[in-house]
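Peer 1: Contents of upload.cif (mmCIF, C-alpha atoms; chains and numbers go by the auth columns):
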```cif
data_query
#
loop_
_atom_site.group_PDB
_atom_site.id
_atom_site.type_symbol
_atom_site.label_atom_id
_atom_site.label_comp_id
_atom_site.label_asym_id
_atom_site.label_seq_id
_atom_site.Cartn_x
_atom_site.Cartn_y
_atom_site.Cartn_z
_atom_site.B_iso_or_equiv
_atom_site.auth_seq_id
_atom_site.auth_asym_id
ATOM 1 C CA MET A 1 92.720 90.266 113.457 0.00 210 A
ATOM 2 C CA MET A 2 89.762 92.599 113.414 0.00 211 A
ATOM 3 C CA SER A 3 87.644 92.850 110.333 0.00 212 A
ATOM 4 C CA PHE A 4 85.417 95.545 109.028 0.00 213 A
ATOM 5 C CA PHE A 5 82.392 95.771 106.834 0.00 214 A
ATOM 6 C CA ASN A 6 83.441 98.624 104.600 0.00 215 A
ATOM 7 C CA SER A 7 85.249 96.451 102.150 0.00 216 A
ATOM 8 C CA VAL A 8 84.497 96.017 98.552 0.00 217 A
ATOM 9 C CA ILE A 9 81.295 94.024 98.428 0.00 218 A
ATOM 10 C CA ASP A 10 81.135 91.917 95.327 0.00 219 A
ATOM 11 C CA ASN A 11 77.524 92.636 95.161 0.00 220 A
ATOM 12 C CA THR A 12 75.986 92.849 95.333 0.00 221 A
ATOM 13 C CA ASN A 13 73.249 92.850 92.906 0.00 222 A
ATOM 14 C CA GLU A 14 74.497 89.665 91.304 0.00 223 A
ATOM 15 C CA ASN A 15 75.394 87.844 94.510 0.00 224 A
ATOM 16 C CA LEU A 16 72.358 89.156 96.352 0.00 225 A
ATOM 17 C CA ASP A 17 70.008 88.095 93.568 0.00 226 A
ATOM 18 C CA LYS A 18 71.537 84.599 93.567 0.00 227 A
ATOM 19 C CA GLU A 19 71.176 84.364 97.332 0.00 228 A
ATOM 20 C CA LEU A 20 67.512 85.374 97.269 0.00 229 A
ATOM 21 C CA GLU A 21 66.816 83.135 94.258 0.00 230 A
ATOM 22 C CA ASN A 22 68.302 80.125 96.057 0.00 231 A
ATOM 23 C CA GLN A 23 66.210 80.817 99.115 0.00 232 A
ATOM 24 C CA GLU A 24 63.075 81.106 96.986 0.00 233 A
ATOM 25 C CA GLN A 25 63.873 77.773 95.277 0.00 234 A
ATOM 26 C CA GLU A 26 64.206 76.073 98.642 0.00 235 A
ATOM 27 C CA ASN A 27 60.843 77.397 99.741 0.00 236 A
ATOM 28 C CA LEU A 28 59.119 76.298 96.524 0.00 237 A
ATOM 29 C CA THR A 29 60.471 72.757 96.780 0.00 238 A
ATOM 30 C CA GLY A 30 59.392 72.456 100.373 0.00 239 A
ATOM 31 C CA ASN A 31 62.973 72.513 101.630 0.00 240 A
ATOM 32 C CA ILE A 32 62.468 75.458 103.966 0.00 241 A
ATOM 33 C CA SER A 33 65.638 77.086 105.182 0.00 242 A
ATOM 34 C CA PRO A 34 66.043 76.985 108.963 0.00 243 A
ATOM 35 C CA PHE A 35 66.847 80.674 108.780 0.00 244 A
ATOM 36 C CA THR A 36 63.664 81.787 107.019 0.00 245 A
ATOM 37 C CA MET A 37 62.660 85.084 108.592 0.00 246 A
ATOM 38 C CA PRO A 38 59.665 87.412 108.666 0.00 247 A
ATOM 39 C CA GLU A 39 59.477 89.935 105.847 0.00 248 A
ATOM 40 C CA GLU A 40 60.580 92.883 107.993 0.00 249 A
ATOM 41 C CA ALA A 41 63.676 90.957 109.066 0.00 250 A
ATOM 42 C CA ARG A 42 64.477 90.064 105.439 0.00 251 A
ATOM 43 C CA ARG A 43 64.268 93.762 104.558 0.00 252 A
ATOM 44 C CA VAL A 44 66.915 94.465 107.180 0.00 253 A
ATOM 45 C CA LEU A 45 69.072 91.687 105.739 0.00 254 A
ATOM 46 C CA VAL A 46 68.802 93.086 102.213 0.00 255 A
ATOM 47 C CA TYR A 47 69.705 96.544 103.531 0.00 256 A
ATOM 48 C CA LEU A 48 72.806 95.111 105.202 0.00 257 A
ATOM 49 C CA TYR A 49 73.828 93.362 101.987 0.00 258 A
ATOM 50 C CA LYS A 50 73.535 96.605 100.051 0.00 259 A
ATOM 51 C CA GLN A 51 74.658 99.211 102.588 0.00 260 A
ATOM 52 C CA ASN A 52 76.895 97.134 104.886 0.00 261 A
ATOM 53 C CA ALA A 53 75.813 99.037 107.994 0.00 262 A
ATOM 54 C CA ILE A 54 72.789 100.329 109.869 0.00 263 A
ATOM 55 C CA LEU A 55 72.918 103.405 112.090 0.00 264 A
ATOM 56 C CA ASN A 56 70.174 103.961 114.629 0.00 265 A
ATOM 57 C CA SER A 57 70.542 107.708 114.128 0.00 266 A
ATOM 58 C CA GLN A 58 69.717 107.400 110.420 0.00 267 A
ATOM 59 C CA THR A 59 67.298 104.456 110.178 0.00 268 A
ATOM 60 C CA PRO A 60 65.921 103.762 113.677 0.00 269 A
ATOM 61 C CA HIS A 61 63.147 101.489 112.393 0.00 270 A
ATOM 62 C CA LEU A 62 65.666 99.190 110.702 0.00 271 A
ATOM 63 C CA PHE A 63 67.940 99.191 113.733 0.00 272 A
ATOM 64 C CA THR A 64 65.055 98.270 116.038 0.00 273 A
ATOM 65 C CA THR A 65 64.032 95.433 113.730 0.00 274 A
ATOM 66 C CA LEU A 66 67.621 94.213 113.554 0.00 275 A
ATOM 67 C CA CYS A 67 67.828 94.032 117.343 0.00 276 A
ATOM 68 C CA ARG A 68 64.516 92.144 117.436 0.00 277 A
ATOM 69 C CA TYR A 69 65.640 89.500 114.932 0.00 278 A
ATOM 70 C CA GLU A 70 69.349 89.581 115.757 0.00 279 A
ATOM 71 C CA LYS A 71 69.732 85.818 116.195 0.00 280 A
ATOM 72 C CA SER A 72 68.120 84.891 112.859 0.00 281 A
ATOM 73 C CA ILE A 73 69.971 87.574 110.930 0.00 282 A
ATOM 74 C CA ARG A 74 73.260 86.589 112.542 0.00 283 A
ATOM 75 C CA GLN A 75 72.704 82.936 111.612 0.00 284 A
ATOM 76 C CA HIS A 76 71.822 83.779 108.016 0.00 285 A
ATOM 77 C CA LEU A 77 74.939 85.937 107.570 0.00 286 A
ATOM 78 C CA ALA A 78 77.071 83.135 108.992 0.00 287 A
ATOM 79 C CA GLU A 79 75.888 80.906 106.146 0.00 288 A
ATOM 80 C CA VAL A 80 77.696 83.164 103.665 0.00 289 A
ATOM 81 C CA TYR A 81 80.821 83.601 105.814 0.00 290 A
ATOM 82 C CA LEU A 82 79.768 86.972 107.225 0.00 291 A
ATOM 83 C CA GLN A 83 79.506 88.132 110.806 0.00 292 A
ATOM 84 C CA LEU A 84 77.200 90.718 112.360 0.00 293 A
ATOM 85 C CA VAL A 85 78.698 93.285 114.722 0.00 294 A
ATOM 86 C CA LEU A 86 75.964 94.903 116.815 0.00 295 A
ATOM 87 C CA ASP A 87 76.542 97.699 119.320 0.00 296 A
ATOM 88 C CA GLU A 88 73.183 98.636 120.802 0.00 297 A
ATOM 89 C CA LYS A 89 74.701 101.197 123.182 0.00 298 A
ATOM 90 C CA PHE A 90 76.147 103.287 120.365 0.00 299 A
ATOM 91 C CA GLY A 91 73.410 102.404 117.877 0.00 300 A
ATOM 92 C CA VAL A 92 75.513 100.812 115.144 0.00 301 A
ATOM 93 C CA ALA A 93 75.497 97.501 113.328 0.00 302 A
ATOM 94 C CA PHE A 94 77.656 96.352 110.453 0.00 303 A
ATOM 95 C CA VAL A 95 78.841 93.263 108.621 0.00 304 A
ATOM 96 C CA LYS A 96 82.369 91.905 108.447 0.00 305 A
ATOM 97 C CA ILE A 97 84.025 88.752 107.160 0.00 306 A
ATOM 98 C CA LYS A 98 83.519 85.840 109.507 0.00 307 A
ATOM 99 C CA GLU A 99 86.736 84.960 111.265 0.00 308 A
ATOM 100 C CA ASN A 100 87.254 81.205 111.453 0.00 309 A
ATOM 101 C CA ASP A 101 89.621 78.538 110.209 0.00 310 A
ATOM 102 C CA GLU A 102 87.272 77.332 107.496 0.00 311 A
ATOM 103 C CA TYR A 103 87.059 80.743 105.853 0.00 312 A
ATOM 104 C CA GLN A 104 90.799 81.369 106.157 0.00 313 A
ATOM 105 C CA GLU A 105 91.481 78.101 104.308 0.00 314 A
ATOM 106 C CA ASN A 106 89.162 79.085 101.454 0.00 315 A
ATOM 107 C CA GLU A 107 89.994 82.799 101.369 0.00 316 A
ATOM 108 C CA ASN A 108 92.142 82.521 98.243 0.00 317 A
ATOM 109 C CA ASP A 109 89.930 79.946 96.578 0.00 318 A
ATOM 110 C CA GLU A 110 88.542 81.127 93.249 0.00 319 A
ATOM 111 C CA GLU A 111 85.249 79.512 94.157 0.00 320 A
ATOM 112 C CA SER A 112 84.993 81.271 97.517 0.00 321 A
ATOM 113 C CA VAL A 113 81.370 82.099 98.282 0.00 322 A
ATOM 114 C CA SER A 114 82.029 85.054 100.573 0.00 323 A
ATOM 115 C CA LEU A 115 80.404 88.317 99.499 0.00 324 A
ATOM 116 C CA MET A 116 83.363 90.351 100.767 0.00 325 A
ATOM 117 C CA SER A 117 87.011 90.555 99.839 0.00 326 A
ATOM 118 C CA LYS A 118 89.988 92.296 101.449 0.00 327 A
ATOM 119 C CA ARG A 119 92.181 95.004 100.032 0.00 328 A
ATOM 120 C CA LEU A 120 94.816 96.997 101.889 0.00 329 A
ATOM 121 C CA LEU A 121 94.152 100.708 102.183 0.00 330 A
ATOM 122 C CA SER A 122 96.665 103.236 100.931 0.00 331 A
ATOM 123 C CA ILE A 123 98.774 105.173 103.423 0.00 332 A
ATOM 124 C CA TYR A 124 96.690 108.278 102.752 0.00 333 A
ATOM 125 C CA ASP A 125 93.398 106.473 103.388 0.00 334 A
ATOM 126 C CA THR A 126 94.835 104.897 106.530 0.00 335 A
ATOM 127 C CA LEU A 127 96.005 108.261 107.857 0.00 336 A
ATOM 128 C CA ILE A 128 92.565 109.744 107.323 0.00 337 A
ATOM 129 C CA LEU A 129 90.989 106.963 109.396 0.00 338 A
ATOM 130 C CA LEU A 130 93.610 107.333 112.118 0.00 339 A
ATOM 131 C CA MET A 131 93.145 111.097 112.374 0.00 340 A
ATOM 132 C CA LEU A 132 89.371 110.727 112.492 0.00 341 A
ATOM 133 C CA ARG A 133 89.710 108.125 115.247 0.00 342 A
ATOM 134 C CA LYS A 134 92.131 110.374 117.141 0.00 343 A
ATOM 135 C CA HIS A 135 89.674 113.274 117.012 0.00 344 A
ATOM 136 C CA TYR A 136 86.813 110.969 118.016 0.00 345 A
ATOM 137 C CA ARG A 137 88.668 109.787 121.114 0.00 346 A
ATOM 138 C CA GLU A 138 89.675 113.298 122.163 0.00 347 A
ATOM 139 C CA ARG A 139 86.128 114.659 121.915 0.00 348 A
ATOM 140 C CA GLU A 140 84.632 111.546 123.523 0.00 349 A
ATOM 141 C CA GLU A 141 86.981 111.963 126.502 0.00 350 A
ATOM 142 C CA CYS A 142 85.662 115.507 126.824 0.00 351 A
ATOM 143 C CA GLY A 143 82.175 114.097 127.255 0.00 352 A
ATOM 144 C CA GLU A 144 80.794 114.834 123.799 0.00 353 A
ATOM 145 C CA LYS A 145 78.200 112.379 122.495 0.00 354 A
ATOM 146 C CA LYS A 146 78.016 113.570 118.898 0.00 355 A
ATOM 147 C CA ILE A 147 81.512 113.942 117.476 0.00 356 A
ATOM 148 C CA ILE A 148 81.823 116.591 114.768 0.00 357 A
ATOM 149 C CA ILE A 149 84.850 117.461 112.667 0.00 358 A
ATOM 150 C CA ASP A 150 85.317 120.016 109.911 0.00 359 A
ATOM 151 C CA ILE A 151 87.412 119.598 106.820 0.00 360 A
ATOM 152 C CA GLU A 152 89.892 122.294 107.890 0.00 361 A
ATOM 153 C CA ARG A 153 90.698 120.473 111.118 0.00 362 A
ATOM 154 C CA LEU A 154 91.065 117.124 109.340 0.00 363 A
ATOM 155 C CA ASP A 155 93.368 118.744 106.803 0.00 364 A
ATOM 156 C CA ALA A 156 95.468 120.161 109.638 0.00 365 A
ATOM 157 C CA TYR A 157 95.719 116.742 111.298 0.00 366 A
ATOM 158 C CA LEU A 158 96.969 115.233 108.042 0.00 367 A
ATOM 159 C CA SER A 159 99.433 117.988 107.186 0.00 368 A
ATOM 160 C CA PRO A 160 102.432 116.671 109.216 0.00 369 A
ATOM 161 C CA PHE A 161 102.130 113.273 107.524 0.00 370 A
ATOM 162 C CA LEU A 162 101.991 114.502 103.929 0.00 371 A
ATOM 163 C CA PRO A 163 105.692 113.699 103.280 0.00 372 A
ATOM 164 C CA LEU A 164 104.650 110.024 103.534 0.00 373 A
ATOM 165 C CA VAL A 165 102.188 110.293 100.669 0.00 374 A
ATOM 166 C CA ASP A 166 102.299 111.478 97.090 0.00 375 A
ATOM 167 C CA HIS A 167 102.244 115.196 96.335 0.00 376 A
ATOM 168 C CA SER A 168 98.749 115.069 94.834 0.00 377 A
ATOM 169 C CA SER A 169 97.343 114.232 98.274 0.00 378 A
ATOM 170 C CA LYS A 170 97.749 117.916 99.157 0.00 379 A
ATOM 171 C CA ASP A 171 94.895 118.636 96.786 0.00 380 A
ATOM 172 C CA ARG A 172 91.761 119.527 98.763 0.00 381 A
ATOM 173 C CA LYS A 173 89.622 117.919 96.067 0.00 382 A
ATOM 174 C CA LYS A 174 91.198 114.553 96.837 0.00 383 A
ATOM 175 C CA LEU A 175 90.366 114.900 100.524 0.00 384 A
ATOM 176 C CA ILE A 176 86.783 115.856 99.718 0.00 385 A
ATOM 177 C CA ALA A 177 86.459 112.773 97.506 0.00 386 A
ATOM 178 C CA LYS A 178 87.729 110.582 100.362 0.00 387 A
ATOM 179 C CA ILE A 179 85.218 112.137 102.744 0.00 388 A
ATOM 180 C CA LYS A 180 82.356 111.382 100.362 0.00 389 A
ATOM 181 C CA ASP A 181 83.511 107.784 100.170 0.00 390 A
ATOM 182 C CA LEU A 182 83.575 107.526 103.972 0.00 391 A
ATOM 183 C CA GLN A 183 80.043 108.889 104.059 0.00 392 A
ATOM 184 C CA LYS A 184 78.916 106.088 101.753 0.00 393 A
ATOM 185 C CA ARG A 185 80.601 103.607 104.059 0.00 394 A
ATOM 186 C CA LYS A 186 78.777 105.014 107.128 0.00 395 A
ATOM 187 C CA LEU A 187 81.972 106.206 108.811 0.00 396 A
ATOM 188 C CA LEU A 188 80.988 109.831 108.383 0.00 397 A
ATOM 189 C CA ALA A 189 77.540 111.402 108.318 0.00 398 A
ATOM 190 C CA THR A 190 76.465 114.776 107.005 0.00 399 A
ATOM 191 C CA VAL A 191 75.654 117.612 109.396 0.00 400 A
ATOM 192 C CA ARG A 192 72.441 119.345 108.454 0.00 401 A
ATOM 193 C CA GLY A 193 73.001 122.838 107.111 0.00 402 A
ATOM 194 C CA SER A 194 76.764 122.448 106.719 0.00 403 A
ATOM 195 C CA GLU A 195 78.832 121.315 103.763 0.00 404 A
ATOM 196 C CA ASP A 196 82.225 121.222 105.467 0.00 405 A
ATOM 197 C CA ARG A 197 81.332 119.675 108.838 0.00 406 A
ATOM 198 C CA PHE A 198 80.750 115.951 109.375 0.00 407 A
ATOM 199 C CA GLU A 199 79.776 113.637 112.188 0.00 408 A
ATOM 200 C CA ILE A 200 82.154 110.753 112.896 0.00 409 A
ATOM 201 C CA THR A 201 79.921 107.730 113.460 0.00 410 A
ATOM 202 C CA PRO A 202 80.572 105.224 116.283 0.00 411 A
ATOM 203 C CA VAL A 203 81.377 102.578 113.674 0.00 412 A
ATOM 204 C CA LEU A 204 84.939 103.905 113.700 0.00 413 A
ATOM 205 C CA ARG A 205 85.353 102.757 117.318 0.00 414 A
ATOM 206 C CA HIS A 206 85.049 99.170 116.088 0.00 415 A
ATOM 207 C CA ILE A 207 87.572 99.570 113.294 0.00 416 A
ATOM 208 C CA ILE A 208 90.429 101.009 115.310 0.00 417 A
ATOM 209 C CA SER A 209 90.784 100.483 119.053 0.00 418 A
ATOM 210 C CA GLY A 210 92.538 103.017 121.250 0.00 419 A
ATOM 211 C CA GLU A 211 95.572 100.740 121.521 0.00 420 A
ATOM 212 C CA MET A 212 95.706 100.263 117.769 0.00 421 A
ATOM 213 C CA LEU A 213 95.422 104.022 117.240 0.00 422 A
ATOM 214 C CA ASP A 214 98.393 104.776 119.491 0.00 423 A
ATOM 215 C CA ALA A 215 100.510 102.016 117.955 0.00 424 A
ATOM 216 C CA MET A 216 99.869 102.946 114.333 0.00 425 A
ATOM 217 C CA VAL A 217 100.252 106.702 114.808 0.00 426 A
ATOM 218 C CA GLY A 218 103.540 105.972 116.578 0.00 427 A
ATOM 219 C CA GLU A 219 104.737 103.891 113.645 0.00 428 A
ATOM 220 C CA TYR A 220 103.851 106.584 111.115 0.00 429 A
ATOM 221 C CA LEU A 221 105.719 109.165 113.198 0.00 430 A
ATOM 222 C CA LYS A 222 108.754 106.872 113.068 0.00 431 A
ATOM 223 C CA LEU A 223 108.414 106.670 109.294 0.00 432 A
ATOM 224 C CA LEU A 224 108.613 110.455 109.096 0.00 433 A
ATOM 225 C CA ASN A 225 112.031 110.337 110.782 0.00 434 A
ATOM 226 C CA ASP A 226 113.233 107.102 109.241 0.00 435 A
ATOM 227 C CA PRO A 227 111.941 106.304 105.720 0.00 436 A
ATOM 228 C CA LYS A 228 113.531 102.842 105.977 0.00 437 A
ATOM 229 C CA ALA A 229 111.302 101.883 108.903 0.00 438 A
ATOM 230 C CA THR A 230 108.520 99.387 108.206 0.00 439 A
ATOM 231 C CA LEU A 231 104.955 99.090 109.423 0.00 440 A
ATOM 232 C CA SER A 232 104.007 96.072 111.504 0.00 441 A
ATOM 233 C CA GLN A 233 100.278 96.684 111.058 0.00 442 A
ATOM 234 C CA HIS A 234 98.017 97.794 108.247 0.00 443 A
ATOM 235 C CA ILE A 235 94.373 98.688 107.883 0.00 444 A
ATOM 236 C CA ASP A 236 92.586 96.945 105.054 0.00 445 A
ATOM 237 C CA GLU A 237 89.072 97.474 103.805 0.00 446 A
ATOM 238 C CA GLN A 238 87.971 94.686 106.100 0.00 447 A
ATOM 239 C CA GLY A 239 89.889 95.898 109.127 0.00 448 A
ATOM 240 C CA VAL A 240 93.283 95.639 110.754 0.00 449 A
ATOM 241 C CA GLU A 241 95.779 93.222 109.267 0.00 450 A
ATOM 242 C CA ASN A 242 99.011 92.174 110.983 0.00 451 A
ATOM 243 C CA GLU A 243 102.026 91.202 108.900 0.00 452 A
#
```
Once you've parsed the file, please lay out its structure as structure tokens.
Peer 2:
Amino acid sequence: MMSFFNSVIDNTNENLDKELENQEQENLTGNISPFTMPEEARRVLVYLYKQNAILNSQTPHLFTTLCRYEKSIRQHLAEVYLQLVLDEKFGVAFVKIKENDEYQENENDEESVSLMSKRLLSIYDTLILLMLRKHYREREECGEKKIIIDIERLDAYLSPFLPLVDHSSKDRKKLIAKIKDLQKRKLLATVRGSEDRFEITPVLRHIISGEMLDAMVGEYLKLLNDPKATLSQHIDEQGVENE
């Protein structure tokens, strides 16, 4: 199972404030945390708690600092059941739920201390991610480094699959709202001087692999021909979930 940062973060202000308050208490009592970090590293950590991801293209100073203090930041996140995914080549870093037996046992516990929770995406949201990933792969194979897509092309990609979703999904306003949400989650970035063109960030490569893309698109195509067919895989707001 792959997990992804762009889940609902229960945050955030409340959990983050508690986390920082506990750390401050430890320092005042002389019980210094083994993961105490320099101020610039703590700023990166706070940014990750609030924004979930750091893109080198948007905040290069934070990304550089993250790479410098990667080990300490990774250890601190592990303390709250989170895992850092860092891709220096593509300039992306994000947080996902830590995958281990201990967390899985406590996942449904009301007293779970994790800052993230999972929630399955709708078919419409899933299709948007799949079509974005499909376009990303096609343009990347053509040698493009910065992958751009416009809303008309995305709408055209989605059109054949609309019978699988509710009628209201044909509304362009709904698609625009989804795009804005993906921008907040660092999956899409604005293109300067354009309101209907967006950059697909490399984060998407870590959410859906090429193999997963082919498998899931194939299953949705089967659903178009056979409504009784079932999906063997789903994308949730933490990543890919197998039934």
Peer 1: From the set A:Leu341, A:Asp423, A:Ser281, A:Lys355, which residue has the shortest atom-to-atom contact distance to Ile388 (chain A), counting all atoms listed in the file?
Peer 2: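 That would be A:Leu341, the residue with the smallest distance to Ile388 (chain A).
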Peer 1: What's the separation between CA of Leu391 (chain A) and CA of Leu275 (chain A), in Å to one decimal place?
Peer 2: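 Distance between the two atoms: 22.9 Å.
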Peer 1: Taking all atoms listed in the file into account, name the residue in A:Lys305, A:Arg277, A:Arg414, A:Lys343 that is nearest to Ala262 (chain A).
Peer 2: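 Ranked by minimum distance to Ala262 (chain A), first place goes to A:Lys305.
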Peer 1: Go through A:Arg348, A:Leu367, A:Arg394, A:Val253 one by one, measure the shortest atom-to-atom distance of each to Thr335 (chain A) using all atoms listed in the file, and give the residue with the smallest value.
Peer 2: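 Looking only at the distances to Thr335 (chain A), the closest residue turns out to be A:Leu367.
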Peer 1: Identify, on the basis of all atoms listed in the file, every residue whose closest approach to His270 (chain A) does not exceed 12 Å; exclude the query and any residue fewer than 6 positions from it along the same chain; express the result as a PDB file with C-alpha atoms, in the frame of the given file.
Peer 2:
```
ATOM      1  CA  GLU A 249      60.580  92.883 107.993  1.00  0.00           C
ATOM      2  CA  ALA A 250      63.676  90.957 109.066  1.00  0.00           C
ATOM      3  CA  ARG A 252      64.268  93.762 104.558  1.00  0.00           C
ATOM      4  CA  VAL A 253      66.915  94.465 107.180  1.00  0.00           C
ATOM      5  CA  ILE A 263      72.789 100.329 109.869  1.00  0.00           C
ATOM      6  CA  LEU A 264      72.918 103.405 112.090  1.00  0.00           C
ATOM      7  CA  CYS A 276      67.828  94.032 117.343  1.00  0.00           C
ATOM      8  CA  ARG A 277      64.516  92.144 117.436  1.00  0.00           C
ATOM      9  CA  GLY A 300      73.410 102.404 117.877  1.00  0.00           C
TER      10      GLY A 300
END
```
Peer 1: With only C-alpha atoms as the atoms that count, which of A:Lys307, A:Arg401, A:Lys298, A:Arg346 lies nearest to Arg283 (chain A)?
Peer 2: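 Closest residue, counting only C-alpha atoms: A:Lys307.
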Peer 1: Grab the CA of Pro269 (chain A) to CA of Lys393 (chain A) distance for me, in Å with one decimal place.
Peer 2: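 Straight-line distance from CA of Pro269 (chain A) to CA of Lys393 (chain A) works out to 17.8 Å.
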Peer 1: Could you check how far CA of Gln267 (chain A) sits from CA of Phe303 (chain A), in Å to one decimal?
Peer 2: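 So the two atoms, CA of Gln267 (chain A) and CA of Phe303 (chain A), lie 13.6 Å apart.
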Peer 1: Could you tell me, as a compact mmCIF listing (two decimals) with C-alpha atoms, in the coordinates of the input, exactly which residues end up selected when the PyMOL selection byres ((chain A and resi 337-340) around 8) is applied to this structure?
Peer 2:
```txt
# COMPACT_ATOMS: atom_id res chain seq x y z
CA TYR A 333 96.69 108.28 102.75
CA ASP A 334 93.40 106.47 103.39
CA THR A 335 94.84 104.90 106.53
CA LEU A 336 96.00 108.26 107.86
CA LEU A 341 89.37 110.73 112.49
CA ARG A 342 89.71 108.12 115.25
CA LYS A 343 92.13 110.37 117.14
CA HIS A 344 89.67 113.27 117.01
CA LEU A 363 91.06 117.12 109.34
CA TYR A 366 95.72 116.74 111.30
CA LEU A 367 96.97 115.23 108.04
CA ILE A 417 90.43 101.01 115.31
CA LEU A 422 95.42 104.02 117.24
CA MET A 425 99.87 102.95 114.33
CA VAL A 426 100.25 106.70 114.81
```
Peer 1: What would the file be for region 346-352 of chain A if you keep all heavy atoms and write it as a PDB file, in the first residue's frame?
Peer 2:
```pdb
ATOM      1  N   ARG A 346       2.642  11.364 -17.809  1.00  0.00           N
ATOM      2  CA  ARG A 346       3.503  10.321 -18.366  1.00  0.00           C
ATOM      3  C   ARG A 346       3.735  10.535 -19.859  1.00  0.00           C
ATOM      4  O   ARG A 346       4.863  10.400 -20.352  1.00  0.00           O
ATOM      5  CB  ARG A 346       2.904   8.936 -18.122  1.00  0.00           C
ATOM      6  CG  ARG A 346       3.783   7.812 -18.652  1.00  0.00           C
ATOM      7  CD  ARG A 346       3.275   6.446 -18.249  1.00  0.00           C
ATOM      8  NE  ARG A 346       1.982   6.120 -18.840  1.00  0.00           N
ATOM      9  CZ  ARG A 346       1.357   4.961 -18.633  1.00  0.00           C
ATOM     10  NH1 ARG A 346       1.896   4.045 -17.849  1.00  0.00           N
ATOM     11  NH2 ARG A 346       0.183   4.720 -19.195  1.00  0.00           N
ATOM     12  N   GLU A 347       2.669  10.874 -20.580  1.00  0.00           N
ATOM     13  CA  GLU A 347       2.800  11.074 -22.024  1.00  0.00           C
ATOM     14  C   GLU A 347       3.755  12.205 -22.345  1.00  0.00           C
ATOM     15  O   GLU A 347       4.611  12.085 -23.232  1.00  0.00           O
ATOM     16  CB  GLU A 347       1.418  11.355 -22.632  1.00  0.00           C
ATOM     17  CG  GLU A 347       0.488  10.151 -22.617  1.00  0.00           C
ATOM     18  CD  GLU A 347      -0.911  10.497 -23.087  1.00  0.00           C
ATOM     19  OE1 GLU A 347      -1.178  11.714 -23.279  1.00  0.00           O
ATOM     20  OE2 GLU A 347      -1.727   9.574 -23.261  1.00  0.00           O
ATOM     21  N   ARG A 348       3.647  13.316 -21.636  1.00  0.00           N
ATOM     22  CA  ARG A 348       4.516  14.470 -21.914  1.00  0.00           C
ATOM     23  C   ARG A 348       5.939  14.213 -21.425  1.00  0.00           C
ATOM     24  O   ARG A 348       6.911  14.657 -22.046  1.00  0.00           O
ATOM     25  CB  ARG A 348       3.954  15.729 -21.256  1.00  0.00           C
ATOM     26  CG  ARG A 348       2.536  16.102 -21.651  1.00  0.00           C
ATOM     27  CD  ARG A 348       2.228  15.873 -23.117  1.00  0.00           C
ATOM     28  NE  ARG A 348       3.144  16.571 -23.995  1.00  0.00           N
ATOM     29  CZ  ARG A 348       3.284  16.329 -25.300  1.00  0.00           C
ATOM     30  NH1 ARG A 348       2.598  15.357 -25.860  1.00  0.00           N
ATOM     31  NH2 ARG A 348       4.136  17.023 -26.029  1.00  0.00           N
ATOM     32  N   GLU A 349       6.068  13.470 -20.314  1.00  0.00           N
ATOM     33  CA  GLU A 349       7.396  13.144 -19.801  1.00  0.00           C
ATOM     34  C   GLU A 349       8.132  12.238 -20.790  1.00  0.00           C
ATOM     35  O   GLU A 349       9.342  12.394 -21.010  1.00  0.00           O
ATOM     36  CB  GLU A 349       7.281  12.458 -18.442  1.00  0.00           C
ATOM     37  CG  GLU A 349       8.619  12.220 -17.745  1.00  0.00           C
ATOM     38  CD  GLU A 349       8.446  11.579 -16.384  1.00  0.00           C
ATOM     39  OE1 GLU A 349       7.521  10.741 -16.217  1.00  0.00           O
ATOM     40  OE2 GLU A 349       9.236  11.896 -15.480  1.00  0.00           O
ATOM     41  N   GLU A 350       7.415  11.301 -21.407  1.00  0.00           N
ATOM     42  CA  GLU A 350       8.024  10.408 -22.387  1.00  0.00           C
ATOM     43  C   GLU A 350       8.448  11.158 -23.642  1.00  0.00           C
ATOM     44  O   GLU A 350       9.326  10.687 -24.380  1.00  0.00           O
ATOM     45  CB  GLU A 350       7.042   9.287 -22.744  1.00  0.00           C
ATOM     46  CG  GLU A 350       6.821   8.282 -21.612  1.00  0.00           C
ATOM     47  CD  GLU A 350       5.774   7.240 -21.942  1.00  0.00           C
ATOM     48  OE1 GLU A 350       5.062   7.426 -22.963  1.00  0.00           O
ATOM     49  OE2 GLU A 350       5.662   6.250 -21.198  1.00  0.00           O
ATOM     50  N   CYS A 351       7.843  12.316 -23.852  1.00  0.00           N
ATOM     51  CA  CYS A 351       8.237  13.159 -24.992  1.00  0.00           C
ATOM     52  C   CYS A 351       9.422  14.055 -24.652  1.00  0.00           C
ATOM     53  O   CYS A 351       9.866  14.853 -25.489  1.00  0.00           O
ATOM     54  CB  CYS A 351       7.061  14.009 -25.450  1.00  0.00           C
ATOM     55  SG  CYS A 351       5.717  13.069 -26.220  1.00  0.00           S
ATOM     56  N   GLY A 352       9.909  13.948 -23.431  1.00  0.00           N
ATOM     57  CA  GLY A 352      11.085  14.700 -23.033  1.00  0.00           C
ATOM     58  C   GLY A 352      10.809  16.022 -22.335  1.00  0.00           C
ATOM     59  O   GLY A 352      11.747  16.767 -22.023  1.00  0.00           O
TER      60      GLY A 352
END
```
